[in-house]
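As stored in final-v9.txt (compact mmCIF, C-alpha atoms and all ligand atoms):
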```
# COMPACT_ATOMS: atom_id res chain seq x y z
CA MET A 1 10.72 76.73 -46.30
CA SER A 2 10.83 73.13 -47.40
CA THR A 3 8.88 69.92 -47.91
CA PRO A 4 9.62 68.09 -44.63
CA ASP A 5 9.09 64.47 -45.71
CA ALA A 6 11.17 64.99 -48.86
CA THR A 7 14.05 67.05 -47.44
CA GLY A 8 17.31 65.22 -48.09
CA LYS A 9 15.48 62.83 -50.41
CA ALA A 10 14.42 62.60 -54.05
CA LEU A 11 10.67 62.66 -54.60
CA THR A 12 9.44 60.03 -57.08
CA VAL A 13 5.90 59.20 -58.19
CA LEU A 14 5.97 56.42 -55.55
CA GLY A 15 7.08 58.85 -52.83
CA PRO A 16 10.36 60.04 -51.28
CA VAL A 17 13.40 57.79 -51.82
CA ASP A 18 17.02 57.77 -50.66
CA PRO A 19 18.91 59.66 -53.41
CA ASN A 20 21.60 56.96 -53.28
CA ASP A 21 19.03 54.56 -54.76
CA LEU A 22 18.48 56.57 -57.98
CA GLY A 23 21.41 55.08 -59.94
CA ILE A 24 21.93 56.10 -63.57
CA THR A 25 19.52 59.01 -64.04
CA ILE A 26 18.34 60.53 -67.31
CA THR A 27 17.09 63.99 -66.41
CA HIS A 28 14.73 65.04 -69.22
CA GLU A 29 12.31 62.59 -70.81
CA HIS A 30 8.62 62.17 -71.66
CA LEU A 31 7.27 58.66 -71.06
CA VAL A 32 3.79 59.66 -72.12
CA ILE A 33 3.09 62.91 -73.95
CA ASP A 34 0.82 64.63 -76.45
CA LEU A 35 2.99 67.17 -78.23
CA SER A 36 0.39 67.97 -80.91
CA VAL A 37 0.79 71.65 -80.01
CA VAL A 38 3.93 71.82 -82.19
CA PHE A 39 2.33 70.20 -85.28
CA VAL A 40 3.11 72.01 -88.54
CA ASP A 41 1.12 71.45 -91.73
CA PRO A 42 3.59 70.28 -94.42
CA GLY A 43 2.01 72.70 -96.89
CA ASP A 44 1.60 70.42 -99.92
CA ALA A 45 -0.60 67.48 -100.87
CA ALA A 46 2.11 64.82 -100.67
CA GLY A 47 3.21 66.07 -97.25
CA ARG A 48 -0.36 66.25 -95.96
CA LYS A 49 -0.91 62.62 -96.87
CA LEU A 50 2.22 61.63 -94.92
CA ALA A 51 1.20 63.90 -92.03
CA GLU A 52 -1.93 61.82 -91.41
CA GLU A 53 -0.34 58.37 -91.68
CA PRO A 54 0.54 56.30 -88.62
CA VAL A 55 4.28 55.99 -88.12
CA SER A 56 5.56 52.90 -89.97
CA LEU A 57 8.72 51.58 -91.55
CA ASP A 58 7.39 52.80 -94.89
CA ASN A 59 7.32 56.47 -93.82
CA LEU A 60 9.95 56.46 -91.06
CA GLY A 61 12.60 58.07 -93.28
CA TRP A 62 10.26 61.00 -93.91
CA VAL A 63 9.10 61.18 -90.29
CA ARG A 64 12.68 61.40 -89.03
CA VAL A 65 13.31 64.66 -90.87
CA ASN A 66 9.72 65.98 -90.59
CA TRP A 67 9.02 64.72 -87.09
CA SER A 68 6.78 67.62 -86.05
CA SER A 69 4.65 67.28 -89.23
CA ASN A 70 3.26 63.81 -88.53
CA ARG A 71 0.30 63.76 -86.13
CA ASP A 72 0.69 60.18 -84.95
CA ASN A 73 4.37 60.75 -84.20
CA LEU A 74 3.56 63.55 -81.75
CA VAL A 75 1.29 61.42 -79.54
CA GLN A 76 2.81 58.71 -77.33
CA THR A 77 0.14 57.96 -74.73
CA ASP A 78 0.46 54.16 -74.79
CA ILE A 79 1.43 53.08 -71.28
CA GLU A 80 2.43 49.58 -72.40
CA VAL A 81 4.87 51.01 -74.95
CA ALA A 82 6.30 53.26 -72.23
CA LYS A 83 6.73 50.27 -69.90
CA ARG A 84 8.58 48.24 -72.53
CA GLU A 85 10.86 51.18 -73.38
CA SER A 86 11.52 51.73 -69.65
CA ILE A 87 12.48 48.08 -69.19
CA ARG A 88 15.03 48.44 -71.99
CA PHE A 89 16.48 51.36 -70.03
CA LYS A 90 16.56 49.29 -66.85
CA ASN A 91 18.21 46.37 -68.64
CA ALA A 92 20.93 48.78 -69.80
CA GLY A 93 21.70 49.59 -66.17
CA GLY A 94 19.32 52.54 -65.85
CA GLY A 95 17.81 53.53 -62.53
CA THR A 96 15.75 56.72 -62.87
CA LEU A 97 13.86 58.59 -65.58
CA VAL A 98 12.88 62.20 -64.93
CA ASP A 99 9.62 62.84 -66.81
CA VAL A 100 9.38 66.62 -67.11
CA THR A 101 6.12 66.61 -69.07
CA PRO A 102 4.36 69.73 -67.76
CA ILE A 103 0.69 70.68 -67.70
CA GLY A 104 -0.65 71.29 -71.23
CA ILE A 105 1.10 68.47 -73.07
CA ASP A 106 -0.67 65.61 -71.29
CA ARG A 107 1.20 65.11 -68.04
CA ASN A 108 -0.28 61.87 -66.67
CA PRO A 109 0.51 61.10 -63.00
CA ALA A 110 -1.42 57.80 -62.90
CA ALA A 111 0.39 56.52 -66.00
CA LEU A 112 3.80 57.43 -64.55
CA GLU A 113 2.95 55.67 -61.29
CA GLU A 114 1.83 52.55 -63.15
CA ILE A 115 4.98 52.53 -65.32
CA SER A 116 7.22 52.88 -62.28
CA ARG A 117 5.42 50.14 -60.32
CA ALA A 118 5.45 47.73 -63.26
CA THR A 119 9.10 48.25 -64.24
CA GLY A 120 10.93 49.11 -61.03
CA VAL A 121 12.38 52.20 -62.69
CA HIS A 122 12.25 55.28 -60.45
CA VAL A 123 10.21 58.02 -62.14
CA VAL A 124 10.32 61.67 -61.08
CA MET A 125 7.39 63.79 -62.33
CA GLY A 126 7.41 67.43 -63.39
CA ALA A 127 5.14 70.39 -62.57
CA GLY A 128 4.17 73.80 -63.92
CA TYR A 129 3.48 75.03 -67.43
CA TYR A 130 5.02 74.60 -70.89
CA VAL A 131 5.36 77.24 -73.67
CA TRP A 132 2.49 79.68 -74.30
CA PRO A 133 0.70 77.70 -77.07
CA ALA A 134 0.10 75.00 -74.43
CA HIS A 135 -1.18 77.38 -71.72
CA PRO A 136 -4.81 77.01 -70.62
CA GLU A 137 -7.28 79.67 -71.73
CA ASP A 138 -7.49 81.36 -68.34
CA PHE A 139 -3.71 81.71 -67.95
CA THR A 140 -3.61 85.46 -68.68
CA SER A 141 -5.98 86.19 -65.80
CA ARG A 142 -4.11 84.05 -63.27
CA SER A 143 -1.63 85.55 -60.79
CA VAL A 144 1.90 84.43 -59.97
CA ASP A 145 0.70 83.41 -56.51
CA ASN A 146 -2.17 81.39 -57.92
CA ILE A 147 0.10 79.44 -60.28
CA ALA A 148 2.73 78.99 -57.56
CA GLU A 149 0.10 77.55 -55.20
CA GLU A 150 -0.85 74.97 -57.80
CA ILE A 151 2.79 73.89 -58.25
CA ILE A 152 3.40 73.78 -54.48
CA ARG A 153 0.34 71.57 -54.06
CA ASP A 154 1.54 69.22 -56.82
CA VAL A 155 4.85 68.81 -54.94
CA GLN A 156 3.59 68.65 -51.37
CA VAL A 157 0.15 67.03 -51.68
CA GLY A 158 -0.09 65.57 -55.19
CA VAL A 159 -1.80 66.29 -58.50
CA GLY A 160 -5.58 66.59 -58.10
CA ASP A 161 -6.81 63.77 -55.90
CA THR A 162 -4.17 61.25 -57.08
CA GLY A 163 -1.73 61.74 -54.20
CA ILE A 164 1.03 61.44 -56.84
CA ARG A 165 3.62 64.17 -56.29
CA SER A 166 5.97 66.13 -58.51
CA GLY A 167 9.66 65.83 -57.63
CA ILE A 168 10.87 68.58 -59.97
CA ILE A 169 9.34 71.85 -61.18
CA GLY A 170 9.40 71.88 -64.99
CA GLU A 171 9.89 71.80 -67.77
CA ILE A 172 8.83 75.43 -67.55
CA GLY A 173 8.42 76.56 -71.16
CA CYS A 174 9.74 79.82 -72.61
CA THR A 175 9.75 80.92 -76.26
CA TRP A 176 11.53 83.78 -78.00
CA PRO A 177 10.52 86.59 -77.83
CA TRP A 178 9.80 85.72 -74.21
CA THR A 179 6.12 86.41 -73.48
CA ASP A 180 4.69 88.02 -70.33
CA ASN A 181 2.68 84.90 -69.50
CA GLU A 182 5.84 82.77 -69.75
CA LYS A 183 7.67 85.19 -67.42
CA LYS A 184 4.77 84.87 -65.00
CA SER A 185 5.04 81.08 -65.28
CA VAL A 186 8.77 81.18 -64.45
CA ALA A 187 8.20 83.60 -61.55
CA ALA A 188 5.59 81.20 -60.13
CA ALA A 189 7.95 78.25 -60.58
CA VAL A 190 10.70 80.13 -58.71
CA ALA A 191 8.29 81.01 -55.89
CA ALA A 192 7.33 77.32 -55.70
CA GLN A 193 10.99 76.31 -55.64
CA ARG A 194 11.59 78.63 -52.70
CA GLU A 195 8.58 77.23 -50.85
CA THR A 196 9.17 73.52 -51.50
CA GLY A 197 12.94 73.05 -51.83
CA ALA A 198 12.36 71.26 -55.17
CA PRO A 199 14.69 71.48 -58.16
CA LEU A 200 13.67 73.67 -61.12
CA LEU A 201 14.08 72.88 -64.83
CA ILE A 202 13.67 75.40 -67.68
CA HIS A 203 12.97 75.04 -71.43
CA PRO A 204 14.50 78.21 -72.94
CA GLY A 205 13.58 80.08 -76.11
CA ARG A 206 15.45 79.33 -79.28
CA VAL A 207 18.18 81.99 -79.33
CA GLN A 208 21.63 81.76 -77.81
CA LYS A 209 21.09 84.54 -75.26
CA ALA A 210 17.71 83.25 -74.00
CA PRO A 211 19.10 80.89 -71.34
CA ILE A 212 21.23 83.61 -69.72
CA GLU A 213 18.35 86.08 -69.72
CA ILE A 214 16.17 83.50 -67.97
CA VAL A 215 18.91 82.69 -65.44
CA ASN A 216 19.24 86.40 -64.58
CA PHE A 217 15.46 86.62 -64.14
CA ILE A 218 15.43 83.56 -61.84
CA ASP A 219 18.27 85.10 -59.83
CA ARG A 220 16.35 88.38 -59.42
CA GLU A 221 13.27 86.43 -58.30
CA GLY A 222 15.31 84.75 -55.57
CA GLY A 223 15.60 81.31 -57.15
CA ASP A 224 18.37 78.85 -56.27
CA LEU A 225 20.60 78.73 -59.36
CA SER A 226 22.60 75.83 -57.90
CA ARG A 227 19.39 73.75 -58.10
CA THR A 228 18.20 74.99 -61.48
CA VAL A 229 18.63 73.02 -64.73
CA MET A 230 18.80 74.73 -68.13
CA SER A 231 17.46 72.28 -70.71
CA HIS A 232 18.33 71.96 -74.40
CA VAL A 233 21.69 73.73 -74.13
CA ASP A 234 23.02 71.46 -76.90
CA ILE A 235 20.42 72.86 -79.33
CA ARG A 236 20.47 76.47 -78.13
CA ILE A 237 24.09 77.52 -77.63
CA TYR A 238 26.81 76.98 -80.24
CA ASP A 239 29.15 79.82 -79.26
CA ARG A 240 31.82 78.75 -76.78
CA GLU A 241 31.92 82.12 -75.01
CA ILE A 242 28.16 82.19 -74.44
CA LEU A 243 28.27 78.60 -73.22
CA ARG A 244 31.00 79.45 -70.69
CA GLU A 245 29.08 82.55 -69.56
CA LEU A 246 26.03 80.36 -68.91
CA ALA A 247 28.02 77.63 -67.14
CA ALA A 248 29.65 80.24 -64.89
CA THR A 249 26.25 81.16 -63.42
CA GLY A 250 26.31 77.90 -61.44
CA ILE A 251 23.23 76.27 -62.96
CA TYR A 252 23.12 72.72 -64.30
CA ILE A 253 23.81 72.54 -68.04
CA GLU A 254 21.60 69.87 -69.61
CA TYR A 255 22.67 68.20 -72.86
CA ASP A 256 19.38 66.50 -73.45
CA THR A 257 18.80 65.69 -77.11
CA PHE A 258 21.19 62.76 -77.47
CA GLY A 259 20.07 60.59 -80.36
CA LEU A 260 18.38 63.42 -82.29
CA GLU A 261 20.45 64.48 -85.28
CA SER A 262 18.03 65.83 -87.89
CA PRO A 263 18.34 69.63 -88.15
CA PHE A 264 15.72 72.28 -88.94
CA PRO A 265 12.54 70.46 -87.77
CA PRO A 266 9.32 71.94 -89.21
CA HIS A 267 8.22 73.64 -85.95
CA ALA A 268 11.68 75.13 -85.35
CA PRO A 269 13.28 75.60 -88.78
CA ASP A 270 16.19 77.67 -87.43
CA THR A 271 17.31 75.06 -84.91
CA LEU A 272 20.72 73.73 -85.78
CA MET A 273 21.26 70.20 -84.60
CA PRO A 274 24.58 68.79 -83.42
CA SER A 275 25.43 65.15 -83.90
CA ASP A 276 26.10 63.01 -80.83
CA TYR A 277 29.79 63.25 -81.74
CA GLN A 278 29.58 67.06 -81.56
CA ARG A 279 27.67 66.90 -78.26
CA ILE A 280 30.44 64.75 -76.79
CA GLU A 281 33.12 67.16 -78.05
CA GLN A 282 31.26 70.10 -76.45
CA LEU A 283 30.93 68.21 -73.17
CA ALA A 284 34.64 67.35 -73.20
CA GLY A 285 35.32 71.08 -73.54
CA LEU A 286 33.03 71.92 -70.61
CA ILE A 287 34.77 69.26 -68.52
CA ASP A 288 38.19 70.73 -69.45
CA ASP A 289 36.94 74.12 -68.29
CA GLY A 290 35.95 72.78 -64.87
CA TYR A 291 32.19 72.29 -65.23
CA LEU A 292 32.00 68.49 -64.89
CA GLU A 293 29.86 68.74 -61.76
CA ARG A 294 27.26 70.92 -63.48
CA ILE A 295 26.42 68.64 -66.45
CA VAL A 296 23.34 66.38 -66.73
CA LEU A 297 22.28 64.28 -69.73
CA ALA A 298 19.10 63.10 -71.50
CA HIS A 299 17.41 62.35 -74.82
CA ASP A 300 14.19 64.41 -74.43
CA ASN A 301 12.18 61.63 -76.10
CA CYS A 302 8.90 63.32 -77.01
CA THR A 303 7.82 61.47 -80.17
CA LYS A 304 7.21 57.91 -81.26
CA HIS A 305 10.00 57.82 -83.82
CA ARG A 306 12.69 58.11 -81.16
CA LEU A 307 11.55 54.98 -79.32
CA ARG A 308 13.05 51.54 -79.96
CA GLU A 309 9.72 50.07 -81.06
CA PHE A 310 9.48 52.67 -83.81
CA GLY A 311 13.03 52.35 -85.09
CA GLY A 312 14.58 54.88 -82.73
CA HIS A 313 17.19 54.94 -79.97
CA GLY A 314 14.95 54.66 -76.91
CA PHE A 315 15.59 55.78 -73.34
CA ASP A 316 18.68 53.58 -73.14
CA HIS A 317 20.74 55.18 -75.94
CA ILE A 318 22.98 57.03 -73.46
CA PRO A 319 23.87 54.03 -71.24
CA THR A 320 23.92 51.57 -74.17
CA THR A 321 25.82 53.57 -76.77
CA VAL A 322 26.77 57.16 -75.91
CA THR A 323 28.86 56.24 -72.86
CA GLY A 324 31.03 54.01 -75.05
CA TRP A 325 31.50 56.85 -77.53
CA MET A 326 32.42 59.16 -74.62
CA ARG A 327 35.11 56.77 -73.38
CA ARG A 328 36.47 56.49 -76.89
CA GLN A 329 36.79 60.31 -76.96
CA GLY A 330 38.69 60.43 -73.68
CA ILE A 331 35.95 61.01 -71.12
CA THR A 332 36.62 58.64 -68.21
CA GLN A 333 34.13 56.28 -66.57
CA THR A 334 34.49 58.29 -63.37
CA GLN A 335 33.50 61.45 -65.25
CA ILE A 336 30.58 59.61 -66.89
CA ASN A 337 29.39 58.47 -63.45
CA THR A 338 29.53 62.07 -62.25
CA MET A 339 27.25 63.20 -65.11
CA LEU A 340 24.86 60.23 -65.00
CA ILE A 341 24.69 59.42 -61.28
CA GLU A 342 26.22 61.99 -58.92
CA ASN A 343 25.02 65.22 -60.55
CA PRO A 344 21.38 64.11 -60.99
CA ARG A 345 21.38 62.75 -57.43
CA ARG A 346 22.54 66.11 -56.05
CA MET A 347 20.14 68.01 -58.31
CA LEU A 348 17.08 65.92 -57.37
CA THR A 349 17.67 65.99 -53.60
CA PHE A 350 15.24 68.36 -51.87
CA VAL A 351 16.70 71.01 -49.57
ZN ZN A 401 11.22 68.10 -72.96
```
Show this structure as structure tokens.
Ligand SMILES: [Zn+2]
Amino acid sequence: MSTPDATGKALTVLGPVDPNDLGITITHEHLVIDLSVVFVDPGDAAGRKLAEEPVSLDNLGWVRVNWSSNRDNLVQTDIEVAKRESIRFKNAGGGTLVDVTPIGIDRNPAALEEISRATGVHVVMGAGYYVWPAHPEDFTSRSVDNIAEEIIRDVQVGVGDTGIRSGIIGEIGCTWPWTDNEKKSVAAAVAAQRETGAPLLIHPGRVQKAPIEIVNFIDREGGDLSRTVMSHVDIRIYDREILRELAATGIYIEYDTFGLESPFPPHAPDTLMPSDYQRIEQLAGLIDDGYLERIVLAHDNCTKHRLREFGGHGFDHIPTTVTGWMRRQGITQTQINTMLIENPRRMLTFV
């Protein structure tokens, strides 16, 4: 099965486009998002005061290391801010932003369409459901087929009555231990991938073996591993053998938290955090081992403090800064183009 008008094309919020037009593509971002679901109470009076303050230069140092304990930081629903940040990306040579905000954390098709029209940046929108705390109340009673039908409709018809269509299924959220409802959500996403020919993108639970367990599940469900992206590999897998085992499955490995270097965030206190230097070293190792054509890159901007207007690195950090660091560390421009242009183009093209 397939989606006839999108087959051989990438599907953006403005409709199908020639994949050769995508250019530099960042494969995991959130232009508008409400990530309040991860908020953690700081637990003391001083922290609670900071938790309720708007993000400012005065508290930015605290917000950077406690980014999931400040309410304002977790909500970026300002379309004008998103436009200005997208233009910075475009001015740095960027072509396409993949917004994988799923249902439950404020996916906003009309906003994405407006941002794309105003800036000329291609935007690809996600579909499906995030981790269980963001599931709707009726999720337990819904069937795999029912959820799959919703995703298929988002891809082939559009979300609600907007006519704005999803060009990727994800990010599909999984936690650890992996819950039954999250397995159902992945099964539905795989069924929708089979029906539509869309790419699939997974947010795995926070243990090193979670990504491989999910890949095996997708394989059993009949998913297309060659068109499946595993997100957050740079903040899930630190063991070289496990990383090679995952890469050998044929999925896309996404290093998608470039620019984020503060470890142990309040909502995920066991998450180690590599520096961008360490990410680049890991990628160089994957390239040496023959996996260049399976790597895609992003920042996963999901808070205010990571945007340029709030003292952060923006959506353009990779083309502006990281690519220069990569070249310095021996990764060639041809290899960079493979990760930033060719791999996302292949991944986003409907079959
Ligand atoms: Zn994300």
_Nearby polymer residues, ligand ZN 401 (chain A), at most 12 Å, only C-alpha atoms and all ligand atoms, as a PyMOL selection string_ = chain A and resi 26-35+98-102+105+107+126+129-131+170-174+201-204+230-233+254-257+298-303
_What's around A:Ile287 at 12 Å? Count all atoms listed in the file, leave out sequence neighbours fewer than 4 positions away in its own chain, and write the answer as a list of chain:residue names._
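Returned residues: A:Arg244, A:Ala247, A:Ile253, A:Ile280, A:Glu281, A:Gln282, A:Leu283, A:Tyr291, A:Leu292, A:Glu293, A:Arg294, A:Ile295, A:Val296, A:Gly330, A:Ile331, A:Thr332, A:Gln335, A:Ile336, A:Thr338, A:Met339.
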*Distance in Å - atom CA of A:Gly160 versus atom CA of A:Gly95*: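 Separating atom CA of A:Gly160 from atom CA of A:Gly95 is a distance of 27.2 Å.
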*From the set A:Val322, A:Asp145, A:Thr162, A:Gln156, which residue has the shortest atom-to-atom contact distance to A:Val186, counting only C-alpha atoms?*
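Among the listed residues, the smallest separation from A:Val186 belongs to A:Asp145.
Computed from the coordinates, the atom CA of A:Ala134 to atom CA of A:Gln208 distance equals 22.8 Å.
Residue nearest A:Ser116, chosen from A:Glu80, A:Asp234, A:Glu150, A:Asp270 and counting only C-alpha atoms: A:Glu80.
If you look at atom CA of A:Arg327 and atom CA of A:Tyr252, they are 21.9 Å away from each other.
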*Could you list as a ChimeraX atom specification every residue that has an atom within 9 Å of (16.9, 80.9, -65.0), using the file's coordinates and counting all atoms listed in the file?*
/A:186,190,200-202,204,211-219,223,225,228-230,251
_Considering all atoms listed in the file, can you say which of A:Asp5, A:Asn146, A:Ala46, A:Ala110 comes closest to A:Val17?_
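Checking each candidate against A:Val17, we get A:Asp5 as the closest.
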_At a cut-off of 9 Å, using only C-alpha atoms, what residues contact A:Glu85? Leave out same-chain residues fewer than 6 positions from it and give the result as a ChimeraX atom specification._
/A:31,307-309,314-316
Each side padded by 3 Å, which centre and which edge lengths in Å (one decimal) define the axis-aligned box around the listed atoms of stretch 252-265 of chain A? Give them as lines of an AutoDock Vina configuration file.
```
center_x = 18.2
center_y = 66.7
center_z = -76.6
size_x = 17.3
size_y = 18.1
size_z = 30.6
```
Spatial neighbours of A:Val63, max dist 8 Å, all atoms listed in the file, sep filter under 5 positions, as a PDB file with C-alpha atoms, in the coordinates of the input:
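The result, written out as part.pdb:
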```
ATOM      1  CA  VAL A  55       4.280  55.990 -88.120  1.00  0.00           C
ATOM      2  CA  SER A  69       4.650  67.280 -89.230  1.00  0.00           C
ATOM      3  CA  ASN A  70       3.260  63.810 -88.530  1.00  0.00           C
ATOM      4  CA  ASN A  73       4.370  60.750 -84.200  1.00  0.00           C
ATOM      5  CA  HIS A 305      10.000  57.820 -83.820  1.00  0.00           C
TER       6      HIS A 305
END
```
Would you fill the gaps in stretch 227-257 of chain A so it has N, CA and C atoms, then print it as a PDB file, in the frame of the given file?
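The new file selection_6.pdb reads:
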```
ATOM      1  N   ARG A 227      20.348  74.848 -57.988  1.00  0.00           N
ATOM      2  CA  ARG A 227      19.390  73.750 -58.100  1.00  0.00           C
ATOM      3  C   ARG A 227      18.433  73.993 -59.259  1.00  0.00           C
ATOM      4  N   THR A 228      18.971  74.689 -60.273  1.00  0.00           N
ATOM      5  CA  THR A 228      18.200  74.990 -61.480  1.00  0.00           C
ATOM      6  C   THR A 228      18.895  74.339 -62.679  1.00  0.00           C
ATOM      7  N   VAL A 229      18.097  73.705 -63.537  1.00  0.00           N
ATOM      8  CA  VAL A 229      18.630  73.020 -64.730  1.00  0.00           C
ATOM      9  C   VAL A 229      18.193  73.801 -65.964  1.00  0.00           C
ATOM     10  N   MET A 230      19.149  74.134 -66.845  1.00  0.00           N
ATOM     11  CA  MET A 230      18.800  74.730 -68.130  1.00  0.00           C
ATOM     12  C   MET A 230      18.799  73.615 -69.180  1.00  0.00           C
ATOM     13  N   SER A 231      17.604  73.347 -69.720  1.00  0.00           N
ATOM     14  CA  SER A 231      17.460  72.280 -70.710  1.00  0.00           C
ATOM     15  C   SER A 231      17.954  72.724 -72.082  1.00  0.00           C
ATOM     16  N   HIS A 232      18.147  71.730 -72.957  1.00  0.00           N
ATOM     17  CA  HIS A 232      18.330  71.960 -74.400  1.00  0.00           C
ATOM     18  C   HIS A 232      19.537  72.832 -74.729  1.00  0.00           C
ATOM     19  N   VAL A 233      20.535  72.874 -73.849  1.00  0.00           N
ATOM     20  CA  VAL A 233      21.690  73.730 -74.130  1.00  0.00           C
ATOM     21  C   VAL A 233      22.393  73.268 -75.405  1.00  0.00           C
ATOM     22  N   ASP A 234      22.343  71.966 -75.692  1.00  0.00           N
ATOM     23  CA  ASP A 234      23.020  71.460 -76.900  1.00  0.00           C
ATOM     24  C   ASP A 234      22.343  71.910 -78.191  1.00  0.00           C
ATOM     25  N   ILE A 235      21.071  72.354 -78.114  1.00  0.00           N
ATOM     26  CA  ILE A 235      20.420  72.860 -79.330  1.00  0.00           C
ATOM     27  C   ILE A 235      20.003  74.331 -79.177  1.00  0.00           C
ATOM     28  N   ARG A 236      20.683  75.031 -78.274  1.00  0.00           N
ATOM     29  CA  ARG A 236      20.470  76.470 -78.130  1.00  0.00           C
ATOM     30  C   ARG A 236      21.773  77.256 -78.306  1.00  0.00           C
ATOM     31  N   ILE A 237      22.851  76.736 -77.716  1.00  0.00           N
ATOM     32  CA  ILE A 237      24.090  77.520 -77.630  1.00  0.00           C
ATOM     33  C   ILE A 237      25.210  76.827 -78.400  1.00  0.00           C
ATOM     34  N   TYR A 238      25.746  77.521 -79.386  1.00  0.00           N
ATOM     35  CA  TYR A 238      26.810  76.980 -80.240  1.00  0.00           C
ATOM     36  C   TYR A 238      28.106  77.756 -80.070  1.00  0.00           C
ATOM     37  N   ASP A 239      28.005  78.931 -79.442  1.00  0.00           N
ATOM     38  CA  ASP A 239      29.150  79.820 -79.260  1.00  0.00           C
ATOM     39  C   ASP A 239      29.819  79.499 -77.929  1.00  0.00           C
ATOM     40  N   ARG A 240      31.114  79.195 -77.980  1.00  0.00           N
ATOM     41  CA  ARG A 240      31.820  78.750 -76.780  1.00  0.00           C
ATOM     42  C   ARG A 240      31.786  79.802 -75.672  1.00  0.00           C
ATOM     43  N   GLU A 241      31.912  81.075 -76.035  1.00  0.00           N
ATOM     44  CA  GLU A 241      31.920  82.120 -75.010  1.00  0.00           C
ATOM     45  C   GLU A 241      30.574  82.213 -74.295  1.00  0.00           C
ATOM     46  N   ILE A 242      29.487  82.124 -75.063  1.00  0.00           N
ATOM     47  CA  ILE A 242      28.160  82.190 -74.440  1.00  0.00           C
ATOM     48  C   ILE A 242      27.928  80.971 -73.556  1.00  0.00           C
ATOM     49  N   LEU A 243      28.418  79.821 -74.021  1.00  0.00           N
ATOM     50  CA  LEU A 243      28.270  78.600 -73.220  1.00  0.00           C
ATOM     51  C   LEU A 243      29.021  78.720 -71.900  1.00  0.00           C
ATOM     52  N   ARG A 244      30.228  79.279 -71.928  1.00  0.00           N
ATOM     53  CA  ARG A 244      31.000  79.450 -70.690  1.00  0.00           C
ATOM     54  C   ARG A 244      30.338  80.469 -69.778  1.00  0.00           C
ATOM     55  N   GLU A 245      29.763  81.530 -70.360  1.00  0.00           N
ATOM     56  CA  GLU A 245      29.080  82.550 -69.560  1.00  0.00           C
ATOM     57  C   GLU A 245      27.888  81.913 -68.820  1.00  0.00           C
ATOM     58  N   LEU A 246      27.172  81.037 -69.528  1.00  0.00           N
ATOM     59  CA  LEU A 246      26.030  80.360 -68.910  1.00  0.00           C
ATOM     60  C   LEU A 246      26.497  79.405 -67.813  1.00  0.00           C
ATOM     61  N   ALA A 247      27.523  78.612 -68.115  1.00  0.00           N
ATOM     62  CA  ALA A 247      28.020  77.630 -67.140  1.00  0.00           C
ATOM     63  C   ALA A 247      28.509  78.338 -65.871  1.00  0.00           C
ATOM     64  N   ALA A 248      29.090  79.524 -66.047  1.00  0.00           N
ATOM     65  CA  ALA A 248      29.650  80.240 -64.890  1.00  0.00           C
ATOM     66  C   ALA A 248      28.584  80.735 -63.929  1.00  0.00           C
ATOM     67  N   THR A 249      27.316  80.718 -64.332  1.00  0.00           N
ATOM     68  CA  THR A 249      26.250  81.160 -63.420  1.00  0.00           C
ATOM     69  C   THR A 249      25.978  80.133 -62.319  1.00  0.00           C
ATOM     70  N   GLY A 250      26.485  78.903 -62.485  1.00  0.00           N
ATOM     71  CA  GLY A 250      26.310  77.900 -61.440  1.00  0.00           C
ATOM     72  C   GLY A 250      25.095  77.022 -61.597  1.00  0.00           C
ATOM     73  N   ILE A 251      24.369  77.161 -62.702  1.00  0.00           N
ATOM     74  CA  ILE A 251      23.230  76.270 -62.960  1.00  0.00           C
ATOM     75  C   ILE A 251      23.734  74.914 -63.462  1.00  0.00           C
ATOM     76  N   TYR A 252      22.806  73.967 -63.597  1.00  0.00           N
ATOM     77  CA  TYR A 252      23.120  72.720 -64.300  1.00  0.00           C
ATOM     78  C   TYR A 252      22.896  72.936 -65.790  1.00  0.00           C
ATOM     79  N   ILE A 253      23.874  72.492 -66.582  1.00  0.00           N
ATOM     80  CA  ILE A 253      23.810  72.540 -68.040  1.00  0.00           C
ATOM     81  C   ILE A 253      23.300  71.177 -68.506  1.00  0.00           C
ATOM     82  N   GLU A 254      22.158  71.163 -69.189  1.00  0.00           N
ATOM     83  CA  GLU A 254      21.600  69.870 -69.610  1.00  0.00           C
ATOM     84  C   GLU A 254      21.805  69.687 -71.111  1.00  0.00           C
ATOM     85  N   TYR A 255      22.561  68.633 -71.458  1.00  0.00           N
ATOM     86  CA  TYR A 255      22.670  68.200 -72.860  1.00  0.00           C
ATOM     87  C   TYR A 255      21.649  67.066 -73.002  1.00  0.00           C
ATOM     88  N   ASP A 256      20.531  67.387 -73.625  1.00  0.00           N
ATOM     89  CA  ASP A 256      19.380  66.500 -73.450  1.00  0.00           C
ATOM     90  C   ASP A 256      18.707  66.078 -74.755  1.00  0.00           C
ATOM     91  N   THR A 257      19.406  66.204 -75.878  1.00  0.00           N
ATOM     92  CA  THR A 257      18.800  65.690 -77.110  1.00  0.00           C
ATOM     93  C   THR A 257      19.687  64.627 -77.759  1.00  0.00           C
TER      94      THR A 257
END
```
